[in-house]
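Reading through the structure tokens given below for one structure.
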Amino acid sequence: MTIRRFSLRILAVSALGLALGACSLAPTYHRPDAPVPERFPAADTGQAALPAWRDFFQDPRLQALIELALKNNRDLRIAVGRVEEARAQFGIVQSDRLPTIGAQGTGQVTRLPADMRNGGADAKSVNRSYIAGVGMTAFELDFFGRVRNLSEAAYQSYLSTDQARRTVQLGLIAQTAEAYFRLRSAQVMHDLMDKTLEARKGTLDLVQSRFDVGVASDLDLAQAQSQYDTVRADRIAAERAMTQAGNALQLILGMPVPDGLPEPRPFGREQLLQSLPAGLPSQLLERRPDIVGAEHDLMAANAQIGAARAAFFPRISLTGLLGFASPELGALFGGSHRYWQFSPQIQMPLFSGGVKGNLDLAKARSNIAVSAYEKAIQTAFREVADGLAGEATYSGQLDALRATEESALKALKLAQIRYETGVDSFLQVQSAQVALYGVQQQFIQLGTDALFNRVELYKALGGGWSADDLPEAS
């Protein structure tokens with residue numbers, strides 16, 4: 001009956017401690033107001049559901065590359081590992097809210113000199129004692145929510161780390177797409193160099209033949225040769241750019257680009273979804289993982305204030321042991337050797353500057369977390385606004401360049417005819433070639449920038465994915 005009564009007492013005290021742990025001194029959490037305008041500039045706003053990345057990136061080769069990056073990229077593996085680390089840390093802190101109960105056994109053998117023995121010199125010189133049982137070690141009764149708030153802070157930190165993983169995933173998808181488009185752009189630029197070099201070689205041969213018969217001057221021949229050599233140098237630079245873009249893509253993938261990938265779509269904006277719904281700025285608060293993570297950091301800092309406030313109050317902990325004690329090991333578990341020990345402990349800070357300092361530190365960190373959260377919102381708003389500005393202007397600029405290219409091509413044909421008929425000098429042909437070549441290069445670069453802008457807008461809006469598409473921390 002004594003053992004049963006003691007067990008019930010331990011359980012009752014533990015249950016009381018757990019129940020009282022519901023008390024919390026943490027401030028009531030309120031989400032800060034978003035420090036940005038209510039609407040994005042130059043955008044139709046409303047409810048906006050972003051497509052998953054498989055629907056947004058419509059080039060089958062790019063889709064395959066993104067899948068490889070999500071499986072092999074080392075930065076993503078590090079991010080997943082940090083989630084596992086934060087989850088384990090939360091589990092450690094969470095365990096402090098429950099009693100630690102385990103089996104315990106101790107033995108002690110003591111020899112005392114004759115003048116220190118109870119009973120005089122004739123008493124036993126060696127004393128033995130053995131204790132075994134089930135005990136509870138220093139379980140804190142969380143009356144003021146200190147342990148509970150520490151557990152909440154660890155949980156919010158874990159959630160923030162998981163959002164950091166999603167941020168890395170979204171950034172990895174965008175980086176893979178941009179590296180792929182940079183490689184495709186270098187390839188298209190190289191093709192332009194090939195075609196231009198072939199055309200310049202034809203012009204050089206024409207001028208050379210005219211020079212041989214005395215129609216063209218030394219100046220004409222030198223200008224034609226210069227034009228040809230300029231494109232030849234540009235072609236070598238394009239080869240270097242292609243190699244470097246391939247190396248960058250390989251680094252992001254975490255492996256060499258494999259053979260047998262699907263055929264790509266023609267290079268252009270058709271490789272991406274044609275339009276993106278922007279939605280309202282308030283939707284970014286739930287959609288962008290960096291903002292969600294910053295709010296979890298803010299909640300963690302809020303809980304740390306509660307833990308710091310609880311440190312001003314007494315801390316009560318319980319230690320107990322229920323089992324058997326005996327001077328003989330062989331008779332330890334006899335019915336007459338029942339043993340129990342109950343040791344409550346209370347600690348109350350009286351003169352401790354560190355307690356006040358910890359509270360000030362927690363409040364300062366909470367203020368920093370508020371500013372970080374607001375900065376994340378402002379950064380997101382700016383990124384979306386920049387992306388929308390690009391979407392509103394790139395199409396018109398590309399149309400203007402397309403018309404410029406047509407005019408430059410027409411001007412070159414007219415200049416060649418006038419040169420061949422002796423109306424104008426080769427200088428007019430040279431000027432027309434330079435103008436057309438420059439417009440063609442600018443068109444490719446601007447088209448690449450337009451692709452980058454749409455990818456960055458997709459990233460700025462928080463991306464779109466389903467749980468099946470992205471790897472989770474195991």
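Labeling convention for the structure tokens: chains A, B, ... as they appear, residues from 1 per chain, ligands from 1 in order of appearance.
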DSSP helix (DSSP H, G or I) residues within stretch 87-331 of chain A, listed as an NGL selection string: :A and (87-95 or 114-116 or 146-212 or 218-253 or 269-271 or 281-287 or 289-310)
Contact residues around A:Ala64 with only C-alpha atoms at 9 Å, ignoring same-chain residues under 4 positions, as a PyMOL selection string: chain A and resi 59-60+68-69+261-262
All residues 9 Å or closer to stretch 202-214 of chain A, only C-alpha atoms, same chain fewer than 2 positions away omitted, as an MDAnalysis selection string: chainID A and resid 197:200 216:218 220:221 223:225 227:228 426
Nearest-residue call for A:Ala411, choices A:Ile305, A:Phe144, A:Ser431, A:Leu361, using only C-alpha atoms: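 The answer is A:Ser431, which sits nearest to A:Ala411.
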Selection: 8 Å around A:Ala300, only C-alpha atoms, excl. self and same-chain fewer than 6 positions, as a ChimeraX atom specification: /A:152-157
DSSP-assigned strand (DSSP E) members of stretch 296-418 of chain A, reported as a list in words: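 Here is the list: Arg315, Ile316, Ser317, Leu318, Thr319, Gly320, Leu321, Leu322, Gly323, Phe324, Ala325, Ser326, Arg338, Tyr339, Trp340, Gln341, Phe342, Ser343, Pro344, Gln345, Ile346 and Gln347 of chain A.
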Would you save the residues from that selection as a PDB file, in the first residue's frame, using C-alpha atoms?
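Okay, selection_17.pdb is ready:
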```pdb
ATOM      1  CA  ARG A 315      11.392  27.271 -10.110  1.00  0.00           C
ATOM      2  CA  ILE A 316      10.126  24.108  -8.411  1.00  0.00           C
ATOM      3  CA  SER A 317      11.501  20.721  -9.378  1.00  0.00           C
ATOM      4  CA  LEU A 318      10.871  17.221  -8.074  1.00  0.00           C
ATOM      5  CA  THR A 319      13.196  14.247  -7.687  1.00  0.00           C
ATOM      6  CA  GLY A 320      11.950  10.913  -6.374  1.00  0.00           C
ATOM      7  CA  LEU A 321      12.954   7.270  -6.129  1.00  0.00           C
ATOM      8  CA  LEU A 322      10.801   4.253  -5.371  1.00  0.00           C
ATOM      9  CA  GLY A 323      12.435   0.845  -4.871  1.00  0.00           C
ATOM     10  CA  PHE A 324      14.453  -1.232  -2.431  1.00  0.00           C
ATOM     11  CA  ALA A 325      17.438  -0.666  -0.139  1.00  0.00           C
ATOM     12  CA  SER A 326      19.539  -3.247   1.691  1.00  0.00           C
ATOM     13  CA  ARG A 338      11.094  -1.218   0.494  1.00  0.00           C
ATOM     14  CA  TYR A 339      12.535   2.228   0.057  1.00  0.00           C
ATOM     15  CA  TRP A 340      11.352   5.610  -1.197  1.00  0.00           C
ATOM     16  CA  GLN A 341      12.802   9.058  -1.392  1.00  0.00           C
ATOM     17  CA  PHE A 342      11.068  12.337  -2.329  1.00  0.00           C
ATOM     18  CA  SER A 343      13.131  15.546  -2.830  1.00  0.00           C
ATOM     19  CA  PRO A 344      11.313  18.722  -3.885  1.00  0.00           C
ATOM     20  CA  GLN A 345      13.508  21.722  -4.626  1.00  0.00           C
ATOM     21  CA  ILE A 346      12.674  25.394  -5.024  1.00  0.00           C
ATOM     22  CA  GLN A 347      14.893  28.118  -6.461  1.00  0.00           C
TER      23      GLN A 347
END
```
Atom-to-atom span, atom CA of A:Tyr437 and atom CA of A:Thr196, Å: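 Value for the atom CA of A:Tyr437-atom CA of A:Thr196 distance: 7.7 Å.
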Spatial neighbours of stretch 378-395 of chain A, 6 Å, only C-alpha atoms, chain gap at least 2 places, as a PyMOL selection string: chain A and resi 375-376+397-398+453+457+460
Write the residues you've just listed into a file as a short mmCIF file (atom, residue, chain, number, x, y, z; two decimals), in the first residue's frame, and include C-alpha atoms for each of them.
```cif
data_model
loop_
_atom_site.label_atom_id
_atom_site.label_comp_id
_atom_site.auth_asym_id
_atom_site.auth_seq_id
_atom_site.Cartn_x
_atom_site.Cartn_y
_atom_site.Cartn_z
CA LYS A 375 11.84 44.25 -44.13
CA ALA A 376 10.97 40.88 -45.68
CA GLN A 397 10.43 46.95 -76.24
CA LEU A 398 10.85 43.61 -78.03
CA ASN A 453 12.19 38.89 -65.44
CA LEU A 457 8.44 37.55 -60.87
CA ALA A 460 8.93 37.01 -56.04
#
```
